[in-house]
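What follows is a short report on a single structure.
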Amino acid sequence: MYPLMKRKGLLTNKYTLSALILLAIVVGDVIIHRGISRVMLPASFTSQRHPVTDYLRCRQTVEYGTHWAKAINNLAIADHLDSSINGIEMDVYFDARQKIFFAYHDSVHLSNTRVEDILTRLQHKDKSFTYWFDFKNLDSLNEAMALQALLSIKNKYQLEHKVIIESAQIHCLQSFCDAGFFTSYYVPFFNPYTEDEPAIIQYIDSIAHQIKKYKVSALSGYYFQMPLFEKFFPGMPLLTWADNSNYSIIGLAFKHQLQKDAEIKIVLYPPVN
């Protein structure tokens, strides 16, 4: 009887109960955010490849800052940007016929909002932003015209060292680097935590082949790609994005981990409404 009463007393003790509740919350948080939790733990990935250090680098510079907002693709969002924002990311498409950049994410959500409409609107804020242009349709056919249009925008809005050009078409980024832009290679989607070792090796080799052939300033990709990038491409600046998880213990810990990582120069977060 006494041991049973003792156990009941232990369970009804307010400190023990609080600890059990906290433990349950943490366990639930880990389960809900298991993708983030996995990335926070060290991973070897493979021992069949050594870090790549002989890659090319575009030596242009850009003002990073620490507080960036993702997908600022319309005037309404731009109008409500928090004053603490250092930089913004826009999804941009170049219209070769009109020689104009438009801001939208994909062809399902077409928009007639010009990039310059947003830049002009943001000029009225008492803030100087840095811009990350996620160039969605860059190719060899529009490369030269798009470059001239971006040089015009850079000069008009006084954006020296304040523009990042990101694209999956790494071979097209060379001319932007040569023209003074900070460039980022958007690495094809791949989750190293869900693939087997042969696939990971092939992925590493593919990136290495590209960045040994074409120079870029940085690599950009999903947060779960960052540990692999850091291990196999040391010294390469990294750009990434993540969700706002301010109500998650795991999310807050992960956010802190990203912000103190010296190799990760920018983390994009959805703008706060």
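Naming scheme: A, B, ... for chains in displayed order of the structure tokens; residues 1 onward per chain; ligands 1 onward as shown.
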
Among segment 20-252 of chain A, which residues carry a DSSP assignment of alpha helix (DSSP H), reported as an mmCIF file with N, CA and C atoms, in the first residue's frame?
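In the end it all went to states-v6.cif:
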data_model
loop_
_atom_site.group_PDB
_atom_site.id
_atom_site.type_symbol
_atom_site.label_atom_id
_atom_site.label_comp_id
_atom_site.auth_asym_id
_atom_site.auth_seq_id
_atom_site.Cartn_x
_atom_site.Cartn_y
_atom_site.Cartn_z
ATOM 1 N N LEU A 20 6.401 16.423 -16.247
ATOM 2 C CA LEU A 20 5.814 15.463 -17.176
ATOM 3 C C LEU A 20 5.093 16.167 -18.317
ATOM 4 N N ILE A 21 4.396 17.246 -18.002
ATOM 5 C CA ILE A 21 3.706 18.018 -19.039
ATOM 6 C C ILE A 21 4.718 18.626 -20.009
ATOM 7 N N LEU A 22 5.795 19.191 -19.434
ATOM 8 C CA LEU A 22 6.837 19.788 -20.277
ATOM 9 C C LEU A 22 7.475 18.732 -21.168
ATOM 10 N N LEU A 23 7.730 17.544 -20.605
ATOM 11 C CA LEU A 23 8.321 16.457 -21.380
ATOM 12 C C LEU A 23 7.396 16.055 -22.524
ATOM 13 N N ALA A 24 6.105 15.973 -22.229
ATOM 14 C CA ALA A 24 5.137 15.607 -23.262
ATOM 15 C C ALA A 24 5.104 16.653 -24.368
ATOM 16 N N ILE A 25 5.198 17.919 -23.981
ATOM 17 C CA ILE A 25 5.201 19.001 -24.976
ATOM 18 C C ILE A 25 6.428 18.908 -25.878
ATOM 19 N N VAL A 26 7.603 18.659 -25.259
ATOM 20 C CA VAL A 26 8.848 18.560 -26.022
ATOM 21 C C VAL A 26 8.797 17.370 -26.967
ATOM 22 N N VAL A 27 8.337 16.220 -26.469
ATOM 23 C CA VAL A 27 8.246 15.022 -27.316
ATOM 24 C C VAL A 27 7.303 15.276 -28.486
ATOM 25 N N GLY A 28 6.155 15.885 -28.191
ATOM 26 C CA GLY A 28 5.220 16.216 -29.257
ATOM 27 C C GLY A 28 5.814 17.185 -30.256
ATOM 28 N N ASP A 29 6.567 18.158 -29.761
ATOM 29 C CA ASP A 29 7.213 19.145 -30.624
ATOM 30 C C ASP A 29 8.219 18.468 -31.544
ATOM 31 N N VAL A 30 8.986 17.533 -30.997
ATOM 32 C CA VAL A 30 9.979 16.800 -31.793
ATOM 33 C C VAL A 30 9.293 16.001 -32.885
ATOM 34 N N ILE A 31 8.175 15.358 -32.537
ATOM 35 C CA ILE A 31 7.446 14.549 -33.523
ATOM 36 C C ILE A 31 6.881 15.428 -34.634
ATOM 37 N N ILE A 32 6.263 16.540 -34.257
ATOM 38 C CA ILE A 32 5.683 17.445 -35.243
ATOM 39 C C ILE A 32 6.752 18.049 -36.145
ATOM 40 N N ARG A 34 9.832 16.791 -36.799
ATOM 41 C CA ARG A 34 10.881 15.770 -36.891
ATOM 42 C C ARG A 34 11.899 16.071 -37.991
ATOM 43 N N GLY A 35 11.461 16.793 -39.060
ATOM 44 C CA GLY A 35 12.403 17.164 -40.106
ATOM 45 C C GLY A 35 13.478 18.096 -39.582
ATOM 46 N N ILE A 36 13.066 19.103 -38.837
ATOM 47 C CA ILE A 36 14.010 20.041 -38.228
ATOM 48 C C ILE A 36 14.875 19.326 -37.199
ATOM 49 N N SER A 37 14.251 18.485 -36.374
ATOM 50 C CA SER A 37 14.992 17.777 -35.323
ATOM 51 C C SER A 37 16.107 16.936 -35.916
ATOM 52 N N ARG A 38 15.824 16.299 -37.046
ATOM 53 C CA ARG A 38 16.809 15.455 -37.694
ATOM 54 C C ARG A 38 17.999 16.272 -38.182
ATOM 55 N N VAL A 39 17.723 17.457 -38.750
ATOM 56 C CA VAL A 39 18.789 18.308 -39.276
ATOM 57 C C VAL A 39 19.685 18.837 -38.163
ATOM 58 N N MET A 40 19.136 19.005 -36.972
ATOM 59 C CA MET A 40 19.910 19.549 -35.858
ATOM 60 C C MET A 40 20.946 18.570 -35.343
ATOM 61 N N LEU A 75 2.693 44.561 -53.839
ATOM 62 C CA LEU A 75 2.792 45.844 -53.149
ATOM 63 C C LEU A 75 2.188 45.805 -51.754
ATOM 64 N N ALA A 76 1.143 45.009 -51.580
ATOM 65 C CA ALA A 76 0.496 44.939 -50.270
ATOM 66 C C ALA A 76 1.442 44.391 -49.210
ATOM 67 N N ILE A 77 2.176 43.338 -49.561
ATOM 68 C CA ILE A 77 3.144 42.769 -48.615
ATOM 69 C C ILE A 77 4.284 43.759 -48.394
ATOM 70 N N ALA A 78 4.743 44.385 -49.466
ATOM 71 C CA ALA A 78 5.845 45.351 -49.348
ATOM 72 C C ALA A 78 5.468 46.507 -48.433
ATOM 73 N N ASP A 79 4.221 46.942 -48.499
ATOM 74 C CA ASP A 79 3.774 48.068 -47.681
ATOM 75 C C ASP A 79 3.826 47.766 -46.186
ATOM 76 N N VAL A 115 8.789 44.347 -60.883
ATOM 77 C CA VAL A 115 9.796 44.441 -59.828
ATOM 78 C C VAL A 115 10.053 45.904 -59.485
ATOM 79 N N GLU A 116 10.073 46.750 -60.493
ATOM 80 C CA GLU A 116 10.320 48.173 -60.248
ATOM 81 C C GLU A 116 9.178 48.835 -59.477
ATOM 82 N N ASP A 117 7.959 48.314 -59.614
ATOM 83 C CA ASP A 117 6.852 48.838 -58.812
ATOM 84 C C ASP A 117 7.150 48.651 -57.322
ATOM 85 N N ILE A 118 7.659 47.469 -56.997
ATOM 86 C CA ILE A 118 7.971 47.162 -55.593
ATOM 87 C C ILE A 118 9.168 47.978 -55.120
ATOM 88 N N LEU A 119 10.195 48.072 -55.955
ATOM 89 C CA LEU A 119 11.380 48.845 -55.575
ATOM 90 C C LEU A 119 11.030 50.318 -55.344
ATOM 91 N N THR A 120 10.190 50.859 -56.215
ATOM 92 C CA THR A 120 9.775 52.256 -56.061
ATOM 93 C C THR A 120 8.996 52.459 -54.780
ATOM 94 N N ARG A 121 8.094 51.515 -54.481
ATOM 95 C CA ARG A 121 7.302 51.619 -53.259
ATOM 96 C C ARG A 121 8.198 51.554 -52.022
ATOM 97 N N LEU A 122 9.192 50.696 -52.061
ATOM 98 C CA LEU A 122 10.067 50.536 -50.903
ATOM 99 C C LEU A 122 11.027 51.715 -50.731
ATOM 100 N N GLN A 123 11.233 52.483 -51.799
ATOM 101 C CA GLN A 123 12.083 53.667 -51.677
ATOM 102 C C GLN A 123 11.487 54.691 -50.711
ATOM 103 N N GLU A 143 19.426 35.696 -71.262
ATOM 104 C CA GLU A 143 20.521 36.071 -70.352
ATOM 105 C C GLU A 143 21.053 37.484 -70.606
ATOM 106 N N ALA A 144 21.404 37.789 -71.852
ATOM 107 C CA ALA A 144 22.026 39.085 -72.161
ATOM 108 C C ALA A 144 21.049 40.241 -71.928
ATOM 109 N N MET A 145 19.812 40.089 -72.391
ATOM 110 C CA MET A 145 18.812 41.155 -72.209
ATOM 111 C C MET A 145 18.483 41.354 -70.737
ATOM 112 N N ALA A 146 18.353 40.233 -70.005
ATOM 113 C CA ALA A 146 18.036 40.321 -68.582
ATOM 114 C C ALA A 146 19.155 41.009 -67.814
ATOM 115 N N LEU A 147 20.386 40.712 -68.185
ATOM 116 C CA LEU A 147 21.525 41.342 -67.523
ATOM 117 C C LEU A 147 21.492 42.851 -67.717
ATOM 118 N N GLN A 148 21.232 43.304 -68.929
ATOM 119 C CA GLN A 148 21.172 44.749 -69.191
ATOM 120 C C GLN A 148 20.039 45.404 -68.406
ATOM 121 N N ALA A 149 18.903 44.701 -68.306
ATOM 122 C CA ALA A 149 17.772 45.240 -67.556
ATOM 123 C C ALA A 149 18.101 45.351 -66.077
ATOM 124 N N LEU A 150 18.806 44.362 -65.550
ATOM 125 C CA LEU A 150 19.171 44.385 -64.131
ATOM 126 C C LEU A 150 20.233 45.438 -63.850
ATOM 127 N N LEU A 151 21.147 45.636 -64.765
ATOM 128 C CA LEU A 151 22.148 46.703 -64.587
ATOM 129 C C LEU A 151 21.456 48.059 -64.546
ATOM 130 N N SER A 152 20.445 48.222 -65.381
ATOM 131 C CA SER A 152 19.684 49.473 -65.385
ATOM 132 C C SER A 152 18.962 49.674 -64.054
ATOM 133 N N ILE A 153 18.366 48.605 -63.537
ATOM 134 C CA ILE A 153 17.679 48.672 -62.241
ATOM 135 C C ILE A 153 18.670 48.987 -61.124
ATOM 136 N N LYS A 154 19.813 48.332 -61.160
ATOM 137 C CA LYS A 154 20.823 48.559 -60.117
ATOM 138 C C LYS A 154 21.262 50.023 -60.097
ATOM 139 N N ASN A 155 21.478 50.596 -61.267
ATOM 140 C CA ASN A 155 21.913 51.987 -61.334
ATOM 141 C C ASN A 155 20.793 52.947 -60.939
ATOM 142 N N LYS A 156 19.585 52.666 -61.392
ATOM 143 C CA LYS A 156 18.458 53.560 -61.123
ATOM 144 C C LYS A 156 18.129 53.640 -59.639
ATOM 145 N N ILE A 170 23.156 27.512 -63.604
ATOM 146 C CA ILE A 170 24.454 28.016 -63.142
ATOM 147 C C ILE A 170 25.303 28.553 -64.293
ATOM 148 N N HIS A 171 25.179 27.963 -65.483
ATOM 149 C CA HIS A 171 25.997 28.407 -66.610
ATOM 150 C C HIS A 171 25.648 29.826 -67.048
ATOM 151 N N CYS A 172 24.442 30.287 -66.707
ATOM 152 C CA CYS A 172 24.023 31.648 -67.077
ATOM 153 C C CYS A 172 24.444 32.693 -66.046
ATOM 154 N N LEU A 173 24.868 32.252 -64.878
ATOM 155 C CA LEU A 173 25.201 33.194 -63.814
ATOM 156 C C LEU A 173 26.586 33.826 -63.993
ATOM 157 N N GLN A 174 27.410 33.215 -64.837
ATOM 158 C CA GLN A 174 28.768 33.716 -65.042
ATOM 159 C C GLN A 174 28.774 35.182 -65.481
ATOM 160 N N SER A 175 27.911 35.515 -66.443
ATOM 161 C CA SER A 175 27.900 36.887 -66.962
ATOM 162 C C SER A 175 27.435 37.881 -65.905
ATOM 163 N N PHE A 176 26.553 37.462 -64.998
ATOM 164 C CA PHE A 176 26.089 38.344 -63.930
ATOM 165 C C PHE A 176 27.206 38.596 -62.917
ATOM 166 N N CYS A 177 27.978 37.566 -62.639
ATOM 167 C CA CYS A 177 29.142 37.740 -61.762
ATOM 168 C C CYS A 177 30.131 38.716 -62.394
ATOM 169 N N ASP A 178 30.414 38.508 -63.672
ATOM 170 C CA ASP A 178 31.376 39.375 -64.374
ATOM 171 C C ASP A 178 30.907 40.826 -64.412
ATOM 172 N N GLU A 197 23.073 6.079 -49.812
ATOM 173 C CA GLU A 197 24.424 6.605 -50.016
ATOM 174 C C GLU A 197 24.791 6.789 -51.486
ATOM 175 N N PRO A 198 24.487 5.836 -52.390
ATOM 176 C CA PRO A 198 24.825 6.064 -53.812
ATOM 177 C C PRO A 198 24.188 7.335 -54.371
ATOM 178 N N ALA A 199 22.941 7.602 -53.986
ATOM 179 C CA ALA A 199 22.266 8.814 -54.475
ATOM 180 C C ALA A 199 22.935 10.053 -53.911
ATOM 181 N N ILE A 200 23.340 10.013 -52.646
ATOM 182 C CA ILE A 200 24.018 11.153 -52.023
ATOM 183 C C ILE A 200 25.353 11.425 -52.709
ATOM 184 N N ILE A 201 26.093 10.362 -53.016
ATOM 185 C CA ILE A 201 27.379 10.511 -53.698
ATOM 186 C C ILE A 201 27.176 11.139 -55.070
ATOM 187 N N GLN A 202 26.170 10.677 -55.788
ATOM 188 C CA GLN A 202 25.877 11.240 -57.106
ATOM 189 C C GLN A 202 25.519 12.722 -57.003
ATOM 190 N N TYR A 203 24.782 13.075 -55.977
ATOM 191 C CA TYR A 203 24.378 14.464 -55.751
ATOM 192 C C TYR A 203 25.604 15.341 -55.473
ATOM 193 N N ILE A 204 26.484 14.879 -54.589
ATOM 194 C CA ILE A 204 27.708 15.616 -54.270
ATOM 195 C C ILE A 204 28.547 15.817 -55.524
ATOM 196 N N ASP A 205 28.704 14.751 -56.304
ATOM 197 C CA ASP A 205 29.511 14.828 -57.521
ATOM 198 C C ASP A 205 28.912 15.802 -58.529
ATOM 199 N N SER A 206 27.595 15.832 -58.604
ATOM 200 C CA SER A 206 26.924 16.727 -59.553
ATOM 201 C C SER A 206 27.168 18.191 -59.190
ATOM 202 N N ILE A 207 27.028 18.520 -57.908
ATOM 203 C CA ILE A 207 27.274 19.900 -57.473
ATOM 204 C C ILE A 207 28.740 20.267 -57.693
ATOM 205 N N ALA A 208 29.635 19.347 -57.315
ATOM 206 C CA ALA A 208 31.066 19.607 -57.468
ATOM 207 C C ALA A 208 31.426 19.880 -58.926
ATOM 208 N N HIS A 209 30.851 19.089 -59.819
ATOM 209 C CA HIS A 209 31.117 19.276 -61.254
ATOM 210 C C HIS A 209 30.707 20.671 -61.709
ATOM 211 N N GLN A 210 29.543 21.133 -61.236
ATOM 212 C CA GLN A 210 29.035 22.436 -61.657
ATOM 213 C C GLN A 210 29.879 23.582 -61.119
ATOM 214 N N ILE A 211 30.214 23.540 -59.838
ATOM 215 C CA ILE A 211 30.916 24.688 -59.251
ATOM 216 C C ILE A 211 32.420 24.670 -59.523
ATOM 217 N N LYS A 212 32.905 23.574 -60.114
ATOM 218 C CA LYS A 212 34.285 23.575 -60.601
ATOM 219 C C LYS A 212 34.357 24.133 -62.025
ATOM 220 N N LYS A 213 33.216 24.159 -62.681
ATOM 221 C CA LYS A 213 33.142 24.626 -64.071
ATOM 222 C C LYS A 213 32.677 26.067 -64.172
ATOM 223 N N MET A 226 21.616 22.148 -45.949
ATOM 224 C CA MET A 226 22.745 22.916 -45.433
ATOM 225 C C MET A 226 23.841 22.059 -44.787
ATOM 226 N N PRO A 227 23.509 21.079 -43.940
ATOM 227 C CA PRO A 227 24.587 20.282 -43.331
ATOM 228 C C PRO A 227 25.466 19.582 -44.373
ATOM 229 N N LEU A 228 24.848 19.086 -45.450
ATOM 230 C CA LEU A 228 25.631 18.426 -46.498
ATOM 231 C C LEU A 228 26.504 19.439 -47.232
ATOM 232 N N PHE A 229 25.948 20.616 -47.544
ATOM 233 C CA PHE A 229 26.736 21.651 -48.208
ATOM 234 C C PHE A 229 27.944 22.036 -47.361
ATOM 235 N N GLU A 230 27.712 22.221 -46.071
ATOM 236 C CA GLU A 230 28.796 22.647 -45.184
ATOM 237 C C GLU A 230 29.904 21.615 -45.111
ATOM 238 N N LYS A 231 29.522 20.334 -45.122
ATOM 239 C CA LYS A 231 30.531 19.285 -44.998
ATOM 240 C C LYS A 231 31.353 19.130 -46.275
ATOM 241 N N PHE A 232 30.698 19.144 -47.431
ATOM 242 C CA PHE A 232 31.396 18.803 -48.669
ATOM 243 C C PHE A 232 31.815 20.003 -49.504
ATOM 244 N N ILE A 249 9.460 24.974 -29.434
ATOM 245 C CA ILE A 249 10.771 24.924 -28.758
ATOM 246 C C ILE A 249 11.837 24.479 -29.749
ATOM 247 N N ILE A 250 11.534 23.420 -30.493
ATOM 248 C CA ILE A 250 12.478 22.908 -31.485
ATOM 249 C C ILE A 250 12.717 23.961 -32.567
ATOM 250 N N GLY A 251 11.645 24.616 -33.009
ATOM 251 C CA GLY A 251 11.775 25.637 -34.038
ATOM 252 C C GLY A 251 12.645 26.794 -33.607
ATOM 253 N N LEU A 252 12.465 27.250 -32.375
ATOM 254 C CA LEU A 252 13.268 28.360 -31.861
ATOM 255 C C LEU A 252 14.736 27.958 -31.716
#

Next item on the list: Can you check which residues of segment 72-233 of chain A DSSP gives as strand (DSSP E or B) on the backbone and send them as a VMD selection string?
Entry: chain A and resid 87 to 95 100 to 103 114 130 to 135 163 to 167 182 to 186 216 218 to 220

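Across the model, the gap from atom CA of Tyr269 of chain A to atom CA of Glu89 of chain A is 9.6 Å.
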
Checklist line | Near-Thr183 of chain A list (10 Å; only C-alpha atoms; drop same-chain fewer than 5 positions) as JSON, numbers by chain | finding: {"A": [57, 58, 59, 60, 61, 62, 132, 133, 163, 164, 165, 166, 167, 170, 173, 174, 175, 176, 177, 215, 216, 217, 218, 219, 220]}

Next, write the just-selected residues to a file, as a PDB file, in the first residue's frame, keeping N, CA and C atoms as the atom set.
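Below you can see again_3.pdb, which holds the result:
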ATOM      1  N   ARG A  57      35.061  30.554 -57.456  1.00  0.00           N
ATOM      2  CA  ARG A  57      34.265  31.483 -56.645  1.00  0.00           C
ATOM      3  C   ARG A  57      34.093  32.803 -57.364  1.00  0.00           C
ATOM      4  N   CYS A  58      32.875  33.269 -57.389  1.00  0.00           N
ATOM      5  CA  CYS A  58      32.593  34.633 -57.831  1.00  0.00           C
ATOM      6  C   CYS A  58      32.834  35.520 -56.614  1.00  0.00           C
ATOM      7  N   ARG A  59      33.780  36.428 -56.708  1.00  0.00           N
ATOM      8  CA  ARG A  59      34.231  37.175 -55.530  1.00  0.00           C
ATOM      9  C   ARG A  59      33.467  38.475 -55.296  1.00  0.00           C
ATOM     10  N   GLN A  60      32.296  38.610 -55.861  1.00  0.00           N
ATOM     11  CA  GLN A  60      31.487  39.801 -55.606  1.00  0.00           C
ATOM     12  C   GLN A  60      30.960  39.770 -54.175  1.00  0.00           C
ATOM     13  N   THR A  61      30.662  40.932 -53.651  1.00  0.00           N
ATOM     14  CA  THR A  61      30.178  41.026 -52.272  1.00  0.00           C
ATOM     15  C   THR A  61      28.763  41.611 -52.241  1.00  0.00           C
ATOM     16  N   VAL A  62      28.084  41.383 -51.121  1.00  0.00           N
ATOM     17  CA  VAL A  62      26.734  41.902 -50.951  1.00  0.00           C
ATOM     18  C   VAL A  62      26.516  42.167 -49.471  1.00  0.00           C
ATOM     19  N   TRP A 132      17.235  39.939 -52.929  1.00  0.00           N
ATOM     20  CA  TRP A 132      17.548  38.603 -53.438  1.00  0.00           C
ATOM     21  C   TRP A 132      16.522  38.313 -54.525  1.00  0.00           C
ATOM     22  N   PHE A 133      16.984  38.310 -55.798  1.00  0.00           N
ATOM     23  CA  PHE A 133      16.095  38.025 -56.922  1.00  0.00           C
ATOM     24  C   PHE A 133      16.205  36.542 -57.290  1.00  0.00           C
ATOM     25  N   VAL A 163      22.321  43.457 -54.419  1.00  0.00           N
ATOM     26  CA  VAL A 163      21.513  42.549 -55.229  1.00  0.00           C
ATOM     27  C   VAL A 163      22.153  41.167 -55.270  1.00  0.00           C
ATOM     28  N   ILE A 164      21.322  40.160 -55.052  1.00  0.00           N
ATOM     29  CA  ILE A 164      21.718  38.765 -55.214  1.00  0.00           C
ATOM     30  C   ILE A 164      20.907  38.203 -56.382  1.00  0.00           C
ATOM     31  N   ILE A 165      21.585  37.558 -57.318  1.00  0.00           N
ATOM     32  CA  ILE A 165      20.912  36.902 -58.433  1.00  0.00           C
ATOM     33  C   ILE A 165      21.014  35.394 -58.210  1.00  0.00           C
ATOM     34  N   GLU A 166      19.858  34.762 -58.051  1.00  0.00           N
ATOM     35  CA  GLU A 166      19.827  33.313 -57.816  1.00  0.00           C
ATOM     36  C   GLU A 166      19.177  32.611 -59.001  1.00  0.00           C
ATOM     37  N   SER A 167      19.763  31.487 -59.410  1.00  0.00           N
ATOM     38  CA  SER A 167      19.179  30.709 -60.498  1.00  0.00           C
ATOM     39  C   SER A 167      19.679  29.271 -60.436  1.00  0.00           C
ATOM     40  N   ILE A 170      23.156  27.512 -63.604  1.00  0.00           N
ATOM     41  CA  ILE A 170      24.454  28.016 -63.142  1.00  0.00           C
ATOM     42  C   ILE A 170      25.303  28.553 -64.293  1.00  0.00           C
ATOM     43  N   LEU A 173      24.868  32.252 -64.878  1.00  0.00           N
ATOM     44  CA  LEU A 173      25.201  33.194 -63.814  1.00  0.00           C
ATOM     45  C   LEU A 173      26.586  33.826 -63.993  1.00  0.00           C
ATOM     46  N   GLN A 174      27.410  33.215 -64.837  1.00  0.00           N
ATOM     47  CA  GLN A 174      28.768  33.716 -65.042  1.00  0.00           C
ATOM     48  C   GLN A 174      28.774  35.182 -65.481  1.00  0.00           C
ATOM     49  N   SER A 175      27.911  35.515 -66.443  1.00  0.00           N
ATOM     50  CA  SER A 175      27.900  36.887 -66.962  1.00  0.00           C
ATOM     51  C   SER A 175      27.435  37.881 -65.905  1.00  0.00           C
ATOM     52  N   PHE A 176      26.553  37.462 -64.998  1.00  0.00           N
ATOM     53  CA  PHE A 176      26.089  38.344 -63.930  1.00  0.00           C
ATOM     54  C   PHE A 176      27.206  38.596 -62.917  1.00  0.00           C
ATOM     55  N   CYS A 177      27.978  37.566 -62.639  1.00  0.00           N
ATOM     56  CA  CYS A 177      29.142  37.740 -61.762  1.00  0.00           C
ATOM     57  C   CYS A 177      30.131  38.716 -62.394  1.00  0.00           C
ATOM     58  N   LYS A 215      31.737  29.695 -61.921  1.00  0.00           N
ATOM     59  CA  LYS A 215      31.939  30.361 -60.632  1.00  0.00           C
ATOM     60  C   LYS A 215      30.657  31.041 -60.161  1.00  0.00           C
ATOM     61  N   VAL A 216      30.366  30.873 -58.888  1.00  0.00           N
ATOM     62  CA  VAL A 216      29.228  31.537 -58.243  1.00  0.00           C
ATOM     63  C   VAL A 216      29.689  32.052 -56.879  1.00  0.00           C
ATOM     64  N   SER A 217      28.894  32.936 -56.318  1.00  0.00           N
ATOM     65  CA  SER A 217      29.238  33.516 -55.018  1.00  0.00           C
ATOM     66  C   SER A 217      28.759  32.674 -53.856  1.00  0.00           C
ATOM     67  N   ALA A 218      27.688  31.890 -54.076  1.00  0.00           N
ATOM     68  CA  ALA A 218      27.072  31.153 -52.973  1.00  0.00           C
ATOM     69  C   ALA A 218      26.258  29.982 -53.507  1.00  0.00           C
ATOM     70  N   LEU A 219      25.853  29.110 -52.588  1.00  0.00           N
ATOM     71  CA  LEU A 219      24.900  28.046 -52.886  1.00  0.00           C
ATOM     72  C   LEU A 219      23.621  28.339 -52.110  1.00  0.00           C
ATOM     73  N   SER A 220      22.478  28.077 -52.708  1.00  0.00           N
ATOM     74  CA  SER A 220      21.213  28.256 -51.989  1.00  0.00           C
ATOM     75  C   SER A 220      20.377  26.985 -52.100  1.00  0.00           C
TER      76      SER A 220
END
